[in-house]
file entry_13.cif (mmCIF, C-alpha atoms)
data_structure
#
loop_
_atom_site.label_atom_id
_atom_site.label_comp_id
_atom_site.auth_asym_id
_atom_site.auth_seq_id
_atom_site.Cartn_x
_atom_site.Cartn_y
_atom_site.Cartn_z
CA MET A 25 143.35 76.52 59.22
CA ILE A 26 139.86 77.93 59.64
CA GLY A 27 140.56 80.75 57.22
CA LEU A 28 141.20 78.28 54.41
CA PHE A 29 137.78 76.68 54.68
CA ALA A 30 135.49 79.34 56.11
CA ARG A 31 133.34 81.62 54.01
CA LEU A 32 132.48 85.01 55.40
CA LEU A 33 128.70 85.47 55.51
CA LYS A 34 126.80 88.59 54.59
CA LYS A 35 124.96 90.45 57.29
CA THR A 36 121.56 89.04 58.10
CA PRO A 37 118.74 91.17 56.61
CA ALA A 38 115.92 92.58 58.72
CA ILE A 39 114.37 89.84 60.83
CA GLU A 40 110.61 89.43 60.69
CA ASP A 41 108.41 88.58 63.68
CA ASN A 42 107.61 85.15 62.28
CA GLN A 43 111.35 84.36 62.07
CA TRP A 44 111.83 85.31 65.71
CA LEU A 45 108.83 83.25 66.80
CA ALA A 46 109.94 80.19 64.84
CA ALA A 47 113.43 80.34 66.36
CA GLU A 48 112.12 80.89 69.90
CA GLN A 49 109.79 77.91 69.61
CA ARG A 50 112.78 75.70 68.79
CA LEU A 51 114.65 76.82 71.93
CA PRO A 52 113.27 75.44 75.22
CA CYS A 53 115.92 77.39 77.15
CA LEU A 54 113.87 80.54 76.49
CA ARG A 55 110.63 79.24 77.96
CA HIS A 56 111.02 81.12 81.26
CA LEU A 57 111.23 84.55 79.62
CA SER A 58 108.39 87.06 79.79
CA GLN A 59 107.28 88.82 76.64
CA SER A 60 109.18 91.97 77.61
CA ASP A 61 112.34 89.91 78.19
CA ARG A 62 111.90 88.25 74.79
CA LEU A 63 111.74 91.64 73.14
CA ARG A 64 114.91 92.75 74.94
CA LEU A 65 116.57 89.50 73.89
CA ARG A 66 115.59 90.07 70.26
CA SER A 67 117.14 93.52 70.39
CA LEU A 68 120.40 92.16 71.80
CA ALA A 69 120.45 89.30 69.28
CA THR A 70 119.93 91.73 66.39
CA GLN A 71 122.94 93.78 67.51
CA PHE A 72 124.95 90.62 68.10
CA ILE A 73 124.31 89.30 64.57
CA ALA A 74 125.28 92.65 63.06
CA GLU A 75 128.46 93.10 65.09
CA LYS A 76 129.98 89.63 64.78
CA ARG A 77 131.87 88.20 61.82
CA TRP A 78 130.05 85.02 60.82
CA SER A 79 131.80 82.27 58.87
CA ALA A 80 130.63 78.90 57.59
CA ALA A 81 133.12 76.05 57.28
CA GLY A 82 133.18 73.11 54.92
CA GLU A 83 130.01 72.68 52.89
CA LEU A 84 127.73 74.27 55.48
CA GLN A 85 125.11 76.71 54.25
CA LEU A 86 124.46 78.77 57.35
CA LEU A 87 120.90 79.99 57.06
CA PRO A 88 119.55 83.13 58.74
CA SER A 89 117.36 80.89 60.91
CA SER A 90 120.47 79.23 62.34
CA GLN A 91 122.15 82.58 62.96
CA ILE A 92 119.04 83.73 64.82
CA GLU A 93 119.01 80.62 67.02
CA ILE A 94 122.70 80.98 67.82
CA ALA A 95 122.33 84.67 68.60
CA LEU A 96 119.30 84.16 70.84
CA GLN A 97 121.09 81.54 72.92
CA ALA A 98 124.35 83.50 73.10
CA CYS A 99 122.49 86.64 74.18
CA LEU A 100 120.33 84.77 76.69
CA LEU A 101 123.45 84.48 78.83
CA ILE A 102 124.08 88.23 78.79
CA LEU A 103 120.46 89.38 78.78
CA ASN A 104 121.03 91.15 82.11
CA LEU A 105 124.81 91.46 81.90
CA GLY A 106 125.03 93.52 78.71
CA LEU A 107 126.33 92.98 75.20
CA GLU A 108 129.65 94.56 76.13
CA ARG A 109 130.58 91.22 77.70
CA TYR A 110 131.10 89.97 74.13
CA ARG A 111 132.90 93.03 72.75
CA HIS A 112 136.47 91.71 73.12
CA TRP A 113 136.30 89.24 70.22
CA LEU A 114 134.73 89.14 66.78
CA GLY A 115 134.40 85.81 64.99
CA ILE A 116 131.90 82.95 65.01
CA VAL A 117 132.75 79.93 62.87
CA VAL A 118 130.07 77.29 62.32
CA TYR A 119 130.81 73.76 61.16
CA PRO A 120 128.38 71.18 59.75
CA GLY A 121 128.18 68.58 62.52
CA ASP A 122 131.07 67.86 64.84
CA PHE A 123 134.61 68.63 63.70
CA VAL A 124 138.18 67.59 64.44
CA ILE A 125 140.93 69.77 65.93
CA PRO A 126 144.55 68.57 65.71
CA ARG A 127 146.14 68.49 69.18
CA SER A 128 149.60 67.83 70.53
CA VAL A 129 150.54 67.09 74.11
CA MET A 130 153.88 66.43 75.77
CA ASP A 131 154.01 63.58 78.30
CA GLU A 132 156.15 63.49 81.44
CA ASP A 133 159.05 61.99 79.47
CA GLY A 134 159.09 64.90 77.03
CA VAL A 135 157.55 62.92 74.17
CA VAL A 136 155.06 64.88 72.06
CA HIS A 137 151.92 62.97 71.10
CA GLU A 138 149.76 64.25 68.26
CA TYR A 139 146.12 63.28 67.84
CA ASP A 140 142.82 64.42 66.34
CA ASP A 141 140.23 65.57 68.86
CA PRO A 142 136.58 65.41 67.70
CA VAL A 143 134.66 68.24 69.35
CA LEU A 144 131.29 69.97 69.22
CA GLY A 145 132.64 73.43 69.94
CA GLU A 146 135.51 75.49 71.23
CA ALA A 147 136.00 79.03 72.49
CA TRP A 148 139.42 80.60 71.95
CA GLU A 149 140.79 83.24 74.29
CA GLY A 150 140.69 86.51 72.36
CA GLY A 151 139.60 84.58 69.27
CA PRO A 152 136.49 83.11 67.72
CA VAL A 153 133.79 80.84 69.03
CA ILE A 154 133.67 77.64 66.96
CA LEU A 155 130.37 75.76 66.91
CA SER A 156 128.97 72.58 65.45
CA TRP A 157 125.55 72.92 63.87
CA PHE A 158 123.14 70.08 63.21
CA ASP A 159 119.98 70.21 61.11
CA ASN A 160 118.51 67.78 63.66
CA PRO A 161 119.32 69.04 67.21
CA ASP A 162 119.05 65.47 68.54
CA ASP A 163 122.26 64.66 66.65
CA ALA A 164 124.16 66.86 69.13
CA GLY A 165 123.01 64.75 72.07
CA ALA A 166 122.02 66.40 75.33
CA ALA A 167 124.68 69.12 75.16
CA ASN A 168 123.78 72.69 74.28
CA VAL A 169 126.99 73.69 72.52
CA VAL A 170 125.99 77.34 72.12
CA LEU A 171 125.26 77.95 75.81
CA HIS A 172 128.37 75.96 76.72
CA GLU A 173 130.87 77.80 74.52
CA PHE A 174 129.49 81.26 75.24
CA ALA A 175 129.67 80.51 78.96
CA HIS A 176 133.36 79.84 78.36
CA LYS A 177 133.61 83.25 76.72
CA LEU A 178 132.19 84.82 79.87
CA ASP A 179 134.67 82.83 81.95
CA MET A 180 137.54 84.16 79.80
CA GLU A 181 136.51 87.76 80.28
CA ASN A 182 138.67 88.30 83.37
CA GLY A 183 141.69 86.55 81.87
CA LYS A 184 141.79 83.19 83.64
CA VAL A 185 139.64 80.28 82.52
CA ASP A 186 138.87 78.87 85.95
CA GLY A 187 135.10 78.74 86.30
CA ILE A 188 134.95 82.17 87.94
CA PRO A 189 133.69 84.80 85.49
CA ARG A 190 133.83 88.54 86.07
CA LEU A 191 131.10 88.96 88.65
CA PRO A 192 128.72 91.91 89.04
CA THR A 193 129.88 94.33 91.72
CA GLU A 194 127.13 93.27 94.12
CA MET A 195 128.32 89.64 94.10
CA SER A 196 131.07 88.16 96.26
CA ARG A 197 133.90 86.15 94.69
CA GLN A 198 134.28 84.25 97.95
CA ASP A 199 130.59 83.33 98.04
CA TRP A 200 130.94 82.05 94.45
CA ILE A 201 133.93 79.89 95.36
CA SER A 202 132.23 78.64 98.53
CA ALA A 203 129.29 77.42 96.44
CA PHE A 204 131.13 76.07 93.41
CA GLU A 205 134.20 74.43 94.94
CA PRO A 206 132.47 71.84 97.16
CA ALA A 207 129.85 71.25 94.45
CA TYR A 208 132.58 70.49 91.91
CA GLU A 209 134.32 68.08 94.28
CA ASP A 210 131.01 66.35 95.02
CA PHE A 211 130.15 66.17 91.33
CA CYS A 212 133.49 64.57 90.49
CA ARG A 213 132.84 61.92 93.15
CA ARG A 214 129.36 61.31 91.76
CA VAL A 215 130.66 60.93 88.22
CA ASP A 216 133.33 58.46 89.33
CA ALA A 217 130.76 56.43 91.28
CA ALA A 218 128.30 56.48 88.39
CA ASP A 219 131.03 55.30 85.99
CA ARG A 220 131.83 52.36 88.24
CA ARG A 221 128.15 51.37 88.33
CA GLY A 222 127.62 51.94 84.62
CA GLU A 223 125.10 54.69 85.34
CA GLU A 224 124.66 58.29 84.24
CA THR A 225 124.48 61.46 86.30
CA LEU A 226 121.54 63.85 85.92
CA ILE A 227 123.99 66.57 84.88
CA ASP A 228 126.44 66.09 82.01
CA PRO A 229 129.53 64.31 83.42
CA TYR A 230 131.77 66.41 81.17
CA GLY A 231 131.50 69.02 83.91
CA SER A 232 133.90 66.92 86.00
CA GLU A 233 136.78 67.53 83.56
CA HIS A 234 137.79 70.93 85.00
CA PRO A 235 136.24 73.75 87.06
CA ALA A 236 135.85 75.77 83.84
CA GLU A 237 133.87 72.93 82.27
CA PHE A 238 131.82 72.66 85.46
CA PHE A 239 130.79 76.31 85.12
CA ALA A 240 129.95 75.87 81.42
CA VAL A 241 128.00 72.63 81.94
CA LEU A 242 126.10 74.08 84.90
CA SER A 243 125.29 77.18 82.86
CA GLU A 244 123.72 74.83 80.31
CA ALA A 245 121.78 73.10 83.07
CA PHE A 246 120.69 76.43 84.57
CA PHE A 247 118.76 77.25 81.40
CA GLU A 248 117.96 73.77 80.06
CA THR A 249 117.10 71.79 83.23
CA PRO A 250 116.93 74.44 85.97
CA GLU A 251 114.89 72.42 88.46
CA VAL A 252 117.40 69.56 88.29
CA LEU A 253 120.27 71.94 89.02
CA ARG A 254 118.39 73.66 91.83
CA ASP A 255 117.66 70.29 93.45
CA GLU A 256 121.20 68.95 93.00
CA TYR A 257 123.19 72.06 93.93
CA PRO A 258 120.97 74.81 95.35
CA GLU A 259 123.87 77.06 96.42
CA VAL A 260 125.32 76.96 92.92
CA TYR A 261 121.90 77.60 91.41
CA ASP A 262 121.55 80.67 93.62
CA GLN A 263 124.92 82.03 92.50
CA LEU A 264 124.01 81.53 88.85
CA ARG A 265 120.60 83.09 89.46
CA ARG A 266 122.29 86.19 90.81
CA TYR A 267 124.98 86.22 88.10
CA TYR A 268 122.66 85.83 85.12
CA GLY A 269 119.86 87.85 86.73
CA GLN A 270 117.31 85.19 85.80
CA ASP A 271 115.41 82.46 87.66
CA PRO A 272 114.33 79.74 85.20
CA ALA A 273 113.41 77.22 87.90
CA ALA A 274 111.00 79.64 89.58
CA ALA A 275 109.32 80.32 86.25
CA GLU A 276 108.90 76.59 85.61
CA SER A 277 107.48 76.04 89.10
CA THR A 278 104.75 78.62 88.52
CA ALA A 279 103.99 77.60 84.90
#
call {"tool": "encode", "arguments": {"input": "entry_13.cif", "output": "structure tokens"}}
result
Amino acid sequence: MIGLFARLLKKTPAIEDNQWLAAEQRLPCLRHLSQSDRLRLRSLATQFIAEKRWSAAGELQLLPSSQIEIALQACLLILNLGLERYRHWLGIVVYPGDFVIPRSVMDEDGVVHEYDDPVLGEAWEGGPVILSWFDNPDDAGAANVVLHEFAHKLDMENGKVDGIPRLPTEMSRQDWISAFEPAYEDFCRRVDAADRRGEETLIDPYGSEHPAEFFAVLSEAFFETPEVLRDEYPEVYDQLRRYYGQDPAAAESTA
């Protein structure tokens, strides 16, 4: 389906300093980075843009500025993990605004139900990352679709989409589970209670859908609202700090 509507984009030309600066200023998730880290991130993003196959769907005109913003956010996640974490897939498809994916599901009686699912993004195992893009970021709401979907790609790296990515050798899988599992159960209870009261949680309730969504949503929070995450779930924050090799909350505290 995507192939019918997508247009393959040419490689982005050399990126000038003013283009980098303009993109970085539009991305609050980068505010904790030192100048040396920003330069490393630019280098990774340049390679990322060149190596991936970029496609625009529908009537979207995907500008170099948008490619730069996507690449910076995608590479923020692997700044200290390495670009090889993204080497097992090729395509990035960008839609204008949210888009609809046809779904089918079989119920317990064996009846297949078909429906259209409006989404902001989707990461396919072994396949492309599909992203919505808005000229006005506020139209996407509080979600950071780029961080979210590329966190899913990291989760898929070891084969099972379960909220446990391939961890660095110095990290313990059991420590990860011991931090994330009770936090997920607590978060699901909080979301249910907030729904009953007609309130909202500080962290996107979509994280209660599945452990994989919890990891993706908390990865968003780690970079977007790190102090909130550290206050809500300090053990999870510490695991993400070790995994991503970054400490956004500490940087904000000393700013």
call {"tool": "atom_distance", "arguments": {"input": "entry_13.cif", "atom1": "CA of Ser60 in chain A", "atom2": "CA of Leu86 in chain A"}}
result
28.6 Å
call {"tool": "resolve_selection", "arguments": {"input": "entry_13.cif", "expression": "the PyMOL selection byres ((chain A and resi 96) around 8)", "output": "ChimeraX atom specification"}}
result
/A:48,65-66,69,92-95,97-100
call {"tool": "residues_around", "arguments": {"input": "entry_13.cif", "residues": "Ile188 in chain A", "least_positions_apart": "2", "cutoff": "8 Å", "atoms": "only C-alpha atoms", "output": "PDB file with C-alpha atoms, in the coordinates of the input"}}
result
ATOM      1  CA  ASP A 179     134.670  82.830  81.950  1.00  0.00           C
ATOM      2  CA  VAL A 185     139.640  80.280  82.520  1.00  0.00           C
ATOM      3  CA  ASP A 186     138.870  78.870  85.950  1.00  0.00           C
ATOM      4  CA  ARG A 190     133.830  88.540  86.070  1.00  0.00           C
ATOM      5  CA  LEU A 191     131.100  88.960  88.650  1.00  0.00           C
ATOM      6  CA  ARG A 197     133.900  86.150  94.690  1.00  0.00           C
ATOM      7  CA  TRP A 200     130.940  82.050  94.450  1.00  0.00           C
ATOM      8  CA  ILE A 201     133.930  79.890  95.360  1.00  0.00           C
ATOM      9  CA  ALA A 236     135.850  75.770  83.840  1.00  0.00           C
ATOM     10  CA  PHE A 239     130.790  76.310  85.120  1.00  0.00           C
TER      11      PHE A 239
END
call {"tool": "closest_residue", "arguments": {"input": "entry_13.cif", "among": "A:Cys212, A:Val117, A:Val241, A:Ala147", "to": "Ala80 in chain A", "atoms": "all atoms listed in the file"}}
result
A:Val117
call {"tool": "closest_residue", "arguments": {"input": "entry_13.cif", "among": "A:Phe72, A:Ser89, A:Thr278, A:Ala217", "to": "Asn42 in chain A", "atoms": "all atoms listed in the file"}}
result
A:Ser89
call {"tool": "residues_around", "arguments": {"input": "entry_13.cif", "residues": "range 267-275 of chain A", "least_positions_apart": "5", "cutoff": "7 Å", "atoms": "only C-alpha atoms", "output": "count of residues only"}}
result
10
call {"tool": "atom_distance", "arguments": {"input": "entry_13.cif", "atom1": "CA of Val118 in chain A", "atom2": "CA of Lys76 in chain A"}}
result
12.6 Å
call {"tool": "atom_distance", "arguments": {"input": "entry_13.cif", "atom1": "CA of Ser67 in chain A", "atom2": "CA of Val260 in chain A"}}
result
29.1 Å
call {"tool": "resolve_selection", "arguments": {"input": "entry_13.cif", "expression": "the PyMOL selection byres ((chain A and resi 150) around 6)", "output": "ChimeraX atom specification"}}
result
/A:113,149,151
